[in-house]
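Colleague: Structure: run_32.txt, compact mmCIF, C-alpha atoms.
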# COMPACT_ATOMS: atom_id res chain seq x y z
CA MET C 11 0.00 0.00 0.00
CA ASP C 12 1.21 3.49 -0.81
CA ILE C 13 1.39 6.88 0.79
CA CYS C 14 0.38 9.78 -1.43
CA VAL C 15 1.03 13.48 -0.94
CA LEU C 16 -1.22 16.20 -2.28
CA GLY C 17 -0.43 19.89 -2.28
CA PRO C 18 1.35 22.77 -3.94
CA PRO C 19 4.76 22.03 -5.55
CA GLY C 20 6.64 23.53 -2.58
CA PHE C 21 4.84 21.21 -0.17
CA VAL C 22 5.30 17.97 -2.10
CA LEU C 23 8.99 18.52 -2.93
CA GLY C 24 10.23 17.64 0.54
CA PHE C 25 8.21 14.42 0.51
CA ARG C 26 9.60 13.54 -2.91
CA LEU C 27 13.05 13.69 -1.34
CA ALA C 28 11.83 11.26 1.32
CA GLY C 29 10.92 8.83 -1.47
CA ILE C 30 7.20 9.43 -2.04
CA LYS C 31 6.37 8.72 -5.68
CA ASN C 32 2.59 9.13 -5.55
CA VAL C 33 2.46 12.89 -5.67
CA TYR C 34 -0.40 15.16 -6.75
CA GLU C 35 0.76 18.71 -7.44
CA ILE C 36 -2.04 21.21 -7.04
CA HIS C 37 -1.98 24.38 -9.10
CA SER C 38 -5.68 25.26 -9.09
CA GLU C 39 -9.04 24.41 -7.48
CA ASP C 40 -9.89 22.14 -10.43
CA ASP C 41 -6.64 20.23 -9.89
CA LEU C 42 -7.62 19.74 -6.25
CA SER C 43 -11.07 18.27 -6.98
CA GLU C 44 -9.74 16.08 -9.79
CA SER C 45 -6.87 14.80 -7.64
CA ILE C 46 -9.18 13.94 -4.75
CA ARG C 47 -11.47 12.04 -7.15
CA ASP C 48 -8.46 10.13 -8.53
CA ILE C 49 -7.24 9.30 -5.03
CA LEU C 50 -10.66 8.00 -4.04
CA THR C 51 -10.66 5.52 -6.92
CA GLU C 52 -7.01 4.46 -6.52
CA LYS C 53 -7.03 1.17 -4.60
CA ASN C 54 -3.29 1.18 -3.80
CA ILE C 55 -3.35 4.43 -1.86
CA SER C 56 -3.91 4.10 1.88
CA ILE C 57 -2.58 7.30 3.41
CA VAL C 58 -3.17 10.80 2.03
CA ILE C 59 -0.98 13.61 3.35
CA MET C 60 -1.86 17.23 2.67
CA PRO C 61 -1.28 20.68 4.15
CA GLY C 62 -4.01 22.29 6.24
CA ASP C 63 -4.82 25.12 3.87
CA GLN C 64 -5.39 22.62 1.05
CA TYR C 65 -7.71 20.57 3.25
CA GLU C 66 -9.79 23.69 3.99
CA ARG C 67 -10.24 24.28 0.25
CA ILE C 68 -11.68 20.85 -0.58
CA PRO C 69 -15.37 21.18 -1.58
CA LYS C 70 -17.73 19.98 1.16
CA TYR C 71 -19.18 17.06 -0.77
CA LEU C 72 -15.70 15.73 -1.66
CA LYS C 73 -14.47 16.27 1.90
CA SER C 74 -17.24 14.11 3.33
CA GLU C 75 -16.61 11.46 0.65
CA LEU C 76 -12.91 11.45 1.55
CA GLU C 77 -13.58 11.32 5.30
CA SER C 78 -15.98 8.40 4.95
CA SER C 79 -13.74 6.44 2.54
CA ASP C 80 -11.17 3.83 3.57
CA LYS C 81 -8.32 6.32 2.98
CA LEU C 82 -6.44 7.47 6.08
CA LEU C 83 -6.03 11.21 6.13
CA LEU C 84 -3.13 13.18 7.62
CA VAL C 85 -3.56 16.94 7.57
CA LEU C 86 -0.39 18.77 8.53
CA GLY C 87 -0.36 22.04 10.42
CA GLU C 88 -2.80 23.75 12.81
CA GLU C 89 -5.81 22.83 10.64
CA GLY C 90 -5.05 19.15 11.18
CA GLU C 91 -5.19 19.55 14.93
CA ARG C 92 -8.32 21.68 14.64
CA ARG C 93 -10.08 18.99 12.59
CA ILE C 94 -9.84 16.43 15.40
CA ARG C 95 -10.34 18.96 18.14
CA GLU C 96 -13.63 20.27 16.73
CA LYS C 97 -14.95 16.80 16.14
CA THR C 98 -14.10 15.90 19.76
CA LYS C 99 -15.82 19.05 21.03
CA ARG C 100 -18.96 18.27 18.98
CA VAL C 101 -19.23 14.64 20.08
CA MET C 102 -18.04 14.86 23.69
CA GLY C 103 -19.45 18.30 24.37
CA VAL C 104 -16.21 19.67 25.81
CA ASP C 105 -12.82 20.75 24.42
CA LEU C 106 -10.60 17.94 25.70
CA TRP C 107 -7.58 19.17 23.75
CA ARG C 108 -7.43 22.47 25.61
CA LYS C 109 -4.12 22.86 27.37
CA GLU C 110 -4.55 23.79 31.07
CA MET V 4 -44.55 1.41 15.77
CA MET V 5 -47.21 -1.29 15.46
CA GLU V 6 -50.60 -0.31 16.88
CA ILE V 7 -51.10 -2.03 20.29
CA ARG V 8 -54.65 -3.13 21.09
CA PRO V 9 -56.01 -1.99 24.49
CA THR V 10 -56.34 -5.54 25.80
CA ARG V 11 -54.57 -7.58 28.48
CA SER V 12 -52.40 -9.29 25.86
CA GLY V 13 -51.61 -5.86 24.43
CA LEU V 14 -50.49 -4.72 27.90
CA ILE V 15 -48.29 -7.81 28.27
CA GLU V 16 -46.76 -7.08 24.84
CA VAL V 17 -45.98 -3.45 25.79
CA LYS V 18 -44.43 -4.51 29.10
CA ARG V 19 -42.24 -7.00 27.21
CA ARG V 20 -41.13 -4.24 24.82
CA ILE V 21 -40.33 -1.88 27.70
CA GLU V 22 -38.14 -4.56 29.28
CA ILE V 23 -36.25 -5.17 26.01
CA ALA V 24 -35.81 -1.43 25.43
CA LYS V 25 -34.44 -0.92 28.95
CA LYS V 26 -32.00 -3.83 28.58
CA GLY V 27 -30.86 -2.42 25.22
CA TRP V 28 -30.44 1.00 26.79
CA GLU V 29 -28.24 -0.42 29.57
CA LEU V 30 -26.07 -2.32 27.09
CA LEU V 31 -25.65 0.70 24.84
CA LYS V 32 -24.69 2.87 27.82
CA ARG V 33 -22.04 0.36 28.81
CA LYS V 34 -20.74 0.27 25.23
CA ARG V 35 -20.63 4.08 25.17
CA ASP V 36 -18.63 4.16 28.43
CA ALA V 37 -16.17 1.56 27.11
CA LEU V 38 -15.71 3.50 23.85
CA VAL V 39 -15.09 6.74 25.75
CA SER V 40 -12.55 4.97 27.95
CA GLU V 41 -10.71 3.68 24.84
CA PHE V 42 -10.83 7.18 23.40
CA PHE V 43 -9.17 8.68 26.47
CA LYS V 44 -6.44 6.02 26.43
CA ILE V 45 -5.37 7.12 22.94
CA MET V 46 -6.11 10.85 23.14
CA GLU V 47 -3.15 11.98 25.28
CA GLN V 48 -0.65 10.06 23.18
CA THR V 49 -2.17 11.49 19.98
CA ALA V 50 -2.14 15.10 21.20
CA GLU V 51 1.53 14.80 22.16
CA LEU V 52 2.50 13.24 18.82
CA ARG V 53 0.47 15.83 16.89
CA ARG V 54 2.40 18.61 18.63
CA LYS V 55 5.73 16.94 17.69
CA VAL V 56 4.64 16.38 14.08
CA ASN V 57 3.58 20.01 13.65
CA GLU V 58 6.94 21.15 15.04
CA LYS V 59 8.82 18.76 12.78
CA TYR V 60 6.81 19.91 9.75
CA ALA V 61 7.67 23.55 10.46
CA LYS V 62 11.35 22.68 10.92
CA ALA V 63 11.49 20.52 7.77
CA TYR V 64 9.79 23.21 5.67
CA GLU V 65 12.23 25.81 6.96
CA LYS V 66 15.19 23.61 6.01
CA LEU V 67 13.66 23.00 2.57
CA SER V 68 13.24 26.75 2.02
CA LEU V 69 16.87 27.29 2.97
CA ALA V 70 18.01 24.51 0.64
CA LYS V 71 15.93 26.01 -2.21
CA ALA V 72 17.55 29.41 -1.61
CA VAL V 73 21.09 28.00 -1.51
CA GLU V 74 20.98 25.09 -3.99
CA GLY V 75 18.08 26.16 -6.20
CA THR V 76 14.85 24.22 -6.78
CA PRO V 77 16.12 22.33 -9.90
CA ALA V 78 18.94 20.70 -7.86
CA ILE V 79 16.47 19.53 -5.22
CA VAL V 80 13.98 18.27 -7.81
CA SER V 81 16.79 16.39 -9.56
CA ALA V 82 17.86 14.76 -6.27
CA ALA V 83 14.23 13.89 -5.53
CA MET V 84 13.81 12.21 -8.93
CA SER V 85 16.81 9.98 -8.26
CA VAL V 86 15.47 8.60 -5.00
CA ARG V 87 14.98 4.93 -5.69
CA GLU V 88 12.54 3.22 -3.43
CA ALA V 89 9.23 4.57 -2.25
CA PRO V 90 8.30 3.78 1.36
CA GLU V 91 5.55 1.18 1.52
CA ILE V 92 3.13 0.59 4.32
CA ASP V 93 0.89 -2.19 5.46
CA VAL V 94 -2.59 -1.23 6.64
CA SER V 95 -4.63 -3.74 8.58
CA PHE V 96 -7.63 -3.28 10.83
CA LYS V 97 -8.23 -4.31 14.39
CA ASN V 98 -11.42 -4.34 16.39
CA ILE V 99 -12.03 -2.11 19.41
CA MET V 100 -15.51 -2.64 20.88
CA GLY V 101 -16.87 -3.48 17.44
CA VAL V 102 -15.20 -0.53 15.75
CA LYS V 103 -12.78 -1.26 12.92
CA VAL V 104 -9.67 0.86 13.55
CA PRO V 105 -6.54 1.02 11.39
CA LYS V 106 -3.17 -0.43 12.27
CA VAL V 107 -0.35 0.97 10.11
CA LYS V 108 3.10 -0.54 9.83
CA SER V 109 5.83 0.45 7.42
CA LYS V 110 7.07 -2.45 5.31
CA GLY V 111 10.64 -1.26 4.80
CA LYS V 112 12.70 1.57 6.23
CA ILE V 113 11.39 5.12 5.96
CA LYS V 114 14.51 6.65 7.52
CA ARG V 115 17.45 5.78 5.29
CA LYS V 116 21.20 6.26 5.25
CA ILE V 117 22.57 8.76 2.71
CA TRP V 118 23.86 6.07 0.35
CA GLU V 119 20.51 4.24 0.48
CA ARG V 120 18.54 7.15 -0.93
CA GLY V 121 19.62 6.85 -4.53
CA TYR V 122 21.01 10.25 -5.40
CA GLY V 123 24.76 10.68 -5.89
CA ILE V 124 26.62 11.83 -2.79
CA LEU V 125 29.05 13.94 -4.83
CA GLY V 126 26.40 15.76 -6.85
CA THR V 127 24.38 16.92 -3.84
CA SER V 128 25.08 18.94 -0.72
CA THR V 129 24.67 18.32 3.00
CA LEU V 130 21.71 20.71 2.94
CA ILE V 131 19.79 18.34 0.66
CA ASP V 132 20.79 15.41 2.91
CA GLU V 133 19.47 17.28 5.94
CA VAL V 134 16.18 18.10 4.20
CA SER V 135 15.78 14.44 3.21
CA LYS V 136 16.49 13.38 6.79
CA GLU V 137 13.92 15.84 8.20
CA TYR V 138 11.21 14.75 5.78
CA GLU V 139 11.93 11.07 6.37
CA GLU V 140 11.57 11.62 10.12
CA LEU V 141 8.40 13.64 9.49
CA LEU V 142 7.02 10.82 7.36
CA GLU V 143 7.80 8.21 10.01
CA MET V 144 6.08 10.23 12.74
CA GLY V 145 3.27 11.08 10.33
CA VAL V 146 2.51 7.41 9.66
CA LYS V 147 2.13 6.77 13.40
CA LEU V 148 0.02 9.90 13.85
CA THR V 149 -2.23 8.86 10.95
CA GLU V 150 -2.98 5.57 12.72
CA LEU V 151 -3.76 7.29 16.04
CA GLU V 152 -5.84 10.17 14.64
CA ASN V 153 -7.88 7.95 12.34
CA THR V 154 -8.53 5.61 15.28
CA LEU V 155 -9.78 8.58 17.29
CA VAL V 156 -12.01 9.73 14.41
CA ARG V 157 -13.60 6.29 14.06
CA LEU V 158 -14.11 6.00 17.81
CA LEU V 159 -15.71 9.45 17.87
CA ASP V 160 -18.07 8.51 15.03
CA GLU V 161 -19.13 5.38 16.89
CA ILE V 162 -19.53 7.26 20.19
CA ASP V 163 -21.72 9.79 18.34
CA LYS V 164 -23.91 7.07 16.80
CA ASN V 165 -24.15 5.28 20.12
CA LYS V 166 -25.04 8.49 21.98
CA ARG V 167 -27.95 9.14 19.59
CA ARG V 168 -29.30 5.61 20.09
CA VAL V 169 -29.03 5.88 23.89
CA ASN V 170 -30.81 9.23 23.83
CA ALA V 171 -33.48 7.97 21.43
CA LEU V 172 -34.24 5.05 23.73
CA GLU V 173 -34.12 7.13 26.89
CA TYR V 174 -36.15 10.15 25.73
CA ILE V 175 -38.42 8.81 22.99
CA VAL V 176 -38.90 5.05 22.79
CA ILE V 177 -39.13 4.10 26.48
CA PRO V 178 -41.33 7.09 27.50
CA ASN V 179 -43.66 6.36 24.51
CA LEU V 180 -43.96 2.72 25.52
CA GLU V 181 -44.59 3.66 29.16
CA ARG V 182 -47.26 6.13 28.06
CA THR V 183 -48.89 3.43 25.92
CA SER V 184 -48.78 1.06 28.90
CA ARG V 185 -50.49 3.66 31.13
CA GLU V 186 -53.18 4.32 28.49
CA ILE V 187 -53.92 0.62 28.12
CA ARG V 188 -54.19 0.19 31.91
CA PHE V 189 -56.59 3.17 32.18
CA LYS V 190 -58.65 1.76 29.29
CA LEU V 191 -58.80 -1.70 30.90
CA GLU V 192 -59.79 -0.20 34.28
CA GLU V 193 -62.50 1.87 32.54
CA MET V 194 -63.84 -1.24 30.76
CA GLU V 195 -63.85 -3.10 34.11
CA ARG V 196 -65.82 -0.26 35.74
CA GLU V 197 -68.36 -0.25 32.85
CA ASP V 198 -68.79 -4.02 33.22
CA ILE V 199 -69.41 -3.71 36.97
CA PHE V 200 -71.95 -0.88 36.38
CA ARG V 201 -73.77 -2.94 33.69
CA LEU V 202 -73.94 -5.99 35.95
CA LYS V 203 -75.35 -3.90 38.83
CA ARG V 204 -78.04 -2.49 36.52
CA PHE V 205 -79.08 -5.97 35.36
CA LYS V 206 -79.26 -7.20 38.95
CA ARG V 207 -81.85 -4.52 39.74
Kindly transcribe the structure held in the file into structure tokens.

Modeller:
Amino acid sequence: MDICVLGPPGFVLGFRLAGIKNVYEIHSEDDLSESIRDILTEKNISIVIMPGDQYERIPKYLKSELESSDKLLLVLGEEGERRIREKTKRVMGVDLWRKE
Amino acid sequence: MMEIRPTRSGLIEVKRRIEIAKKGWELLKRKRDALVSEFFKIMEQTAELRRKVNEKYAKAYEKLSLAKAVEGTPAIVSAAMSVREAPEIDVSFKNIMGVKVPKVKSKGKIKRKIWERGYGILGTSTLIDEVSKEYEELLEMGVKLTELENTLVRLLDEIDKNKRRVNALEYIVIPNLERTSREIRFKLEEMEREDIFRLKRFKR
């Protein structure tokens, strides 16, 4: 199973150096939607890594498709932490990630 | 819900349903508590790793920016193209309280020695080596974090579903059944009173 990286050229370059071959360079919003659709149909891809600002720009319907698929998502940056934190707050009713 | 007739057998049927609903409610509450306990076990570890990954990402990106300024993007792209093997992972699923959660293991090495990467040592600089090292470490930590965060997400989804079922039973189903039971009992008592009144009239 493969790891794939999705993001602007500057983001994916570092991961290319680490050996990642499955790379989706995003230059526009259309690229983003098309890449997500490709990733969803690609059986070999298990983990999808992307930067937070890219994750925020995914259209809602594609985001929910991605979240409910068998792909494991890793969102880097503050947005990644916020994604889990807000879900925890909504389900548990309290912000458990808040640092005392 | 099926219409219950206001008869003694109808009352027995409603009482049976109330008992089943209450048992189900107890079981679901216990499942919810167990899921929440599993969630807390993983949460601390995940928060700590997330903090480290975010720091590592910032550091790696800074090093990459420096390397781009010094070496130029074409040199880094060329080195990246020569990297031989892509890291592969193995994703399996384990069961926590009926929830399928991922277990991720890397098949080979993610962190490699300089000569294992594939690009020529002479044609590249130590800056590029450092950037590769940072991103490899980021990737290794990222794989572990992916497993933990996706486990948390799936547990949260199940806790949410479970919570709705517990609340539906507690605030809608059981009170409705109890109300139906009360109505049937009142109806039966009323019918009994009418029968007694009719019998008294005939006696006269």

Colleague: Give me, as a tab-separated table, the closest atom pair and its distance (Å, one decimal) for every residue of chain V within a cut-off of 6 Å of chain C, counting all atoms listed in the file, rows sorted by chain and rising number.

Modeller:
residue	atom	partner	partner_atom	distance
V:Asn57	CA	C:Gly87	CA	5.5
V:Ala83	CA	C:Leu27	CA	4.4
V:Val86	CA	C:Gly29	CA	5.8
V:Ala89	CA	C:Gly29	CA	4.6
V:Glu91	CA	C:Asp12	CA	5.4
V:Ile92	CA	C:Met11	CA	5.4
V:Asp93	CA	C:Met11	CA	5.9
V:Ser135	CA	C:Leu27	CA	5.4
V:Tyr138	CA	C:Ala28	CA	5.7
V:Glu139	CA	C:Ala28	CA	5.1
V:Thr149	CA	C:Leu84	CA	5.5
V:Asp163	CA	C:Val101	CA	5.7

Colleague: Which residue gives the smallest distance to Lys18 (chain V) among V:Leu180, V:Ile79, V:Ile199, V:Leu141, with all atoms listed in the file counted?

Modeller: V:Leu180

Colleague: For region 68-70 of chain C, find every residue with an atom within 12 Å (counting all atoms listed in the file), except residues of its own chain fewer than 4 positions away, and show them as a compact mmCIF listing (two decimals) with C-alpha atoms, keeping the file's coordinate frame.

Modeller:
# COMPACT_ATOMS: atom_id res chain seq x y z
CA LEU C 16 -1.22 16.20 -2.28
CA GLY C 17 -0.43 19.89 -2.28
CA ILE C 36 -2.04 21.21 -7.04
CA SER C 38 -5.68 25.26 -9.09
CA GLU C 39 -9.04 24.41 -7.48
CA ASP C 40 -9.89 22.14 -10.43
CA ASP C 41 -6.64 20.23 -9.89
CA LEU C 42 -7.62 19.74 -6.25
CA SER C 43 -11.07 18.27 -6.98
CA GLU C 44 -9.74 16.08 -9.79
CA SER C 45 -6.87 14.80 -7.64
CA ILE C 46 -9.18 13.94 -4.75
CA ARG C 47 -11.47 12.04 -7.15
CA MET C 60 -1.86 17.23 2.67
CA PRO C 61 -1.28 20.68 4.15
CA GLY C 62 -4.01 22.29 6.24
CA ASP C 63 -4.82 25.12 3.87
CA GLN C 64 -5.39 22.62 1.05
CA SER C 74 -17.24 14.11 3.33
CA GLU C 75 -16.61 11.46 0.65
CA LEU C 76 -12.91 11.45 1.55
CA GLU C 77 -13.58 11.32 5.30

Colleague: Can you work out the spacing between CA of Ile21 (chain V) and CA of Ile187 (chain V) in Å, to one decimal?

Modeller: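 Separation between CA of Ile21 (chain V) and CA of Ile187 (chain V): 13.8 Å.
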
Colleague: With distances taken over only C-alpha atoms, which of C:Asn54, C:Ser79, C:Ile49, C:Val15 is nearest to Val94 (chain V)?

Modeller: C:Asn54

Colleague: Model the absent atoms of region 152-169 of chain V so that N, CA and C atoms are present, and write the result as a compact mmCIF listing (two decimals), in the coordinates of the input.

Modeller:
# COMPACT_ATOMS: atom_id res chain seq x y z
N GLU V 152 -4.76 9.20 14.88
CA GLU V 152 -5.84 10.17 14.64
C GLU V 152 -7.03 9.51 13.97
N ASN V 153 -6.77 8.62 13.00
CA ASN V 153 -7.88 7.95 12.34
C ASN V 153 -8.61 7.00 13.28
N THR V 154 -7.88 6.43 14.24
CA THR V 154 -8.53 5.61 15.28
C THR V 154 -9.46 6.49 16.10
N LEU V 155 -8.95 7.66 16.51
CA LEU V 155 -9.78 8.58 17.29
C LEU V 155 -11.03 8.99 16.52
N VAL V 156 -10.87 9.29 15.24
CA VAL V 156 -12.01 9.73 14.41
C VAL V 156 -13.07 8.63 14.35
N ARG V 157 -12.63 7.39 14.14
CA ARG V 157 -13.60 6.29 14.06
C ARG V 157 -14.28 6.04 15.40
N LEU V 158 -13.51 6.17 16.49
CA LEU V 158 -14.11 6.00 17.81
C LEU V 158 -15.13 7.11 18.06
N LEU V 159 -14.78 8.32 17.68
CA LEU V 159 -15.71 9.45 17.87
C LEU V 159 -17.00 9.24 17.08
N ASP V 160 -16.87 8.76 15.85
CA ASP V 160 -18.07 8.51 15.03
C ASP V 160 -18.96 7.47 15.70
N GLU V 161 -18.35 6.43 16.25
CA GLU V 161 -19.13 5.38 16.89
C GLU V 161 -19.75 5.88 18.19
N ILE V 162 -18.99 6.69 18.95
CA ILE V 162 -19.53 7.26 20.19
C ILE V 162 -20.73 8.14 19.85
N ASP V 163 -20.62 8.91 18.78
CA ASP V 163 -21.72 9.79 18.34
C ASP V 163 -22.97 8.99 18.00
N LYS V 164 -22.78 7.93 17.19
CA LYS V 164 -23.91 7.07 16.80
C LYS V 164 -24.55 6.45 18.02
N ASN V 165 -23.71 5.95 18.91
CA ASN V 165 -24.15 5.28 20.12
C ASN V 165 -24.93 6.23 21.02
N LYS V 166 -24.40 7.46 21.14
CA LYS V 166 -25.04 8.49 21.98
C LYS V 166 -26.46 8.77 21.48
N ARG V 167 -26.62 8.87 20.15
CA ARG V 167 -27.95 9.14 19.59
C ARG V 167 -28.92 8.00 19.89
N ARG V 168 -28.42 6.76 19.81
CA ARG V 168 -29.30 5.61 20.09
C ARG V 168 -29.70 5.60 21.56
N VAL V 169 -28.73 5.86 22.45
CA VAL V 169 -29.03 5.88 23.89
C VAL V 169 -30.07 6.96 24.17
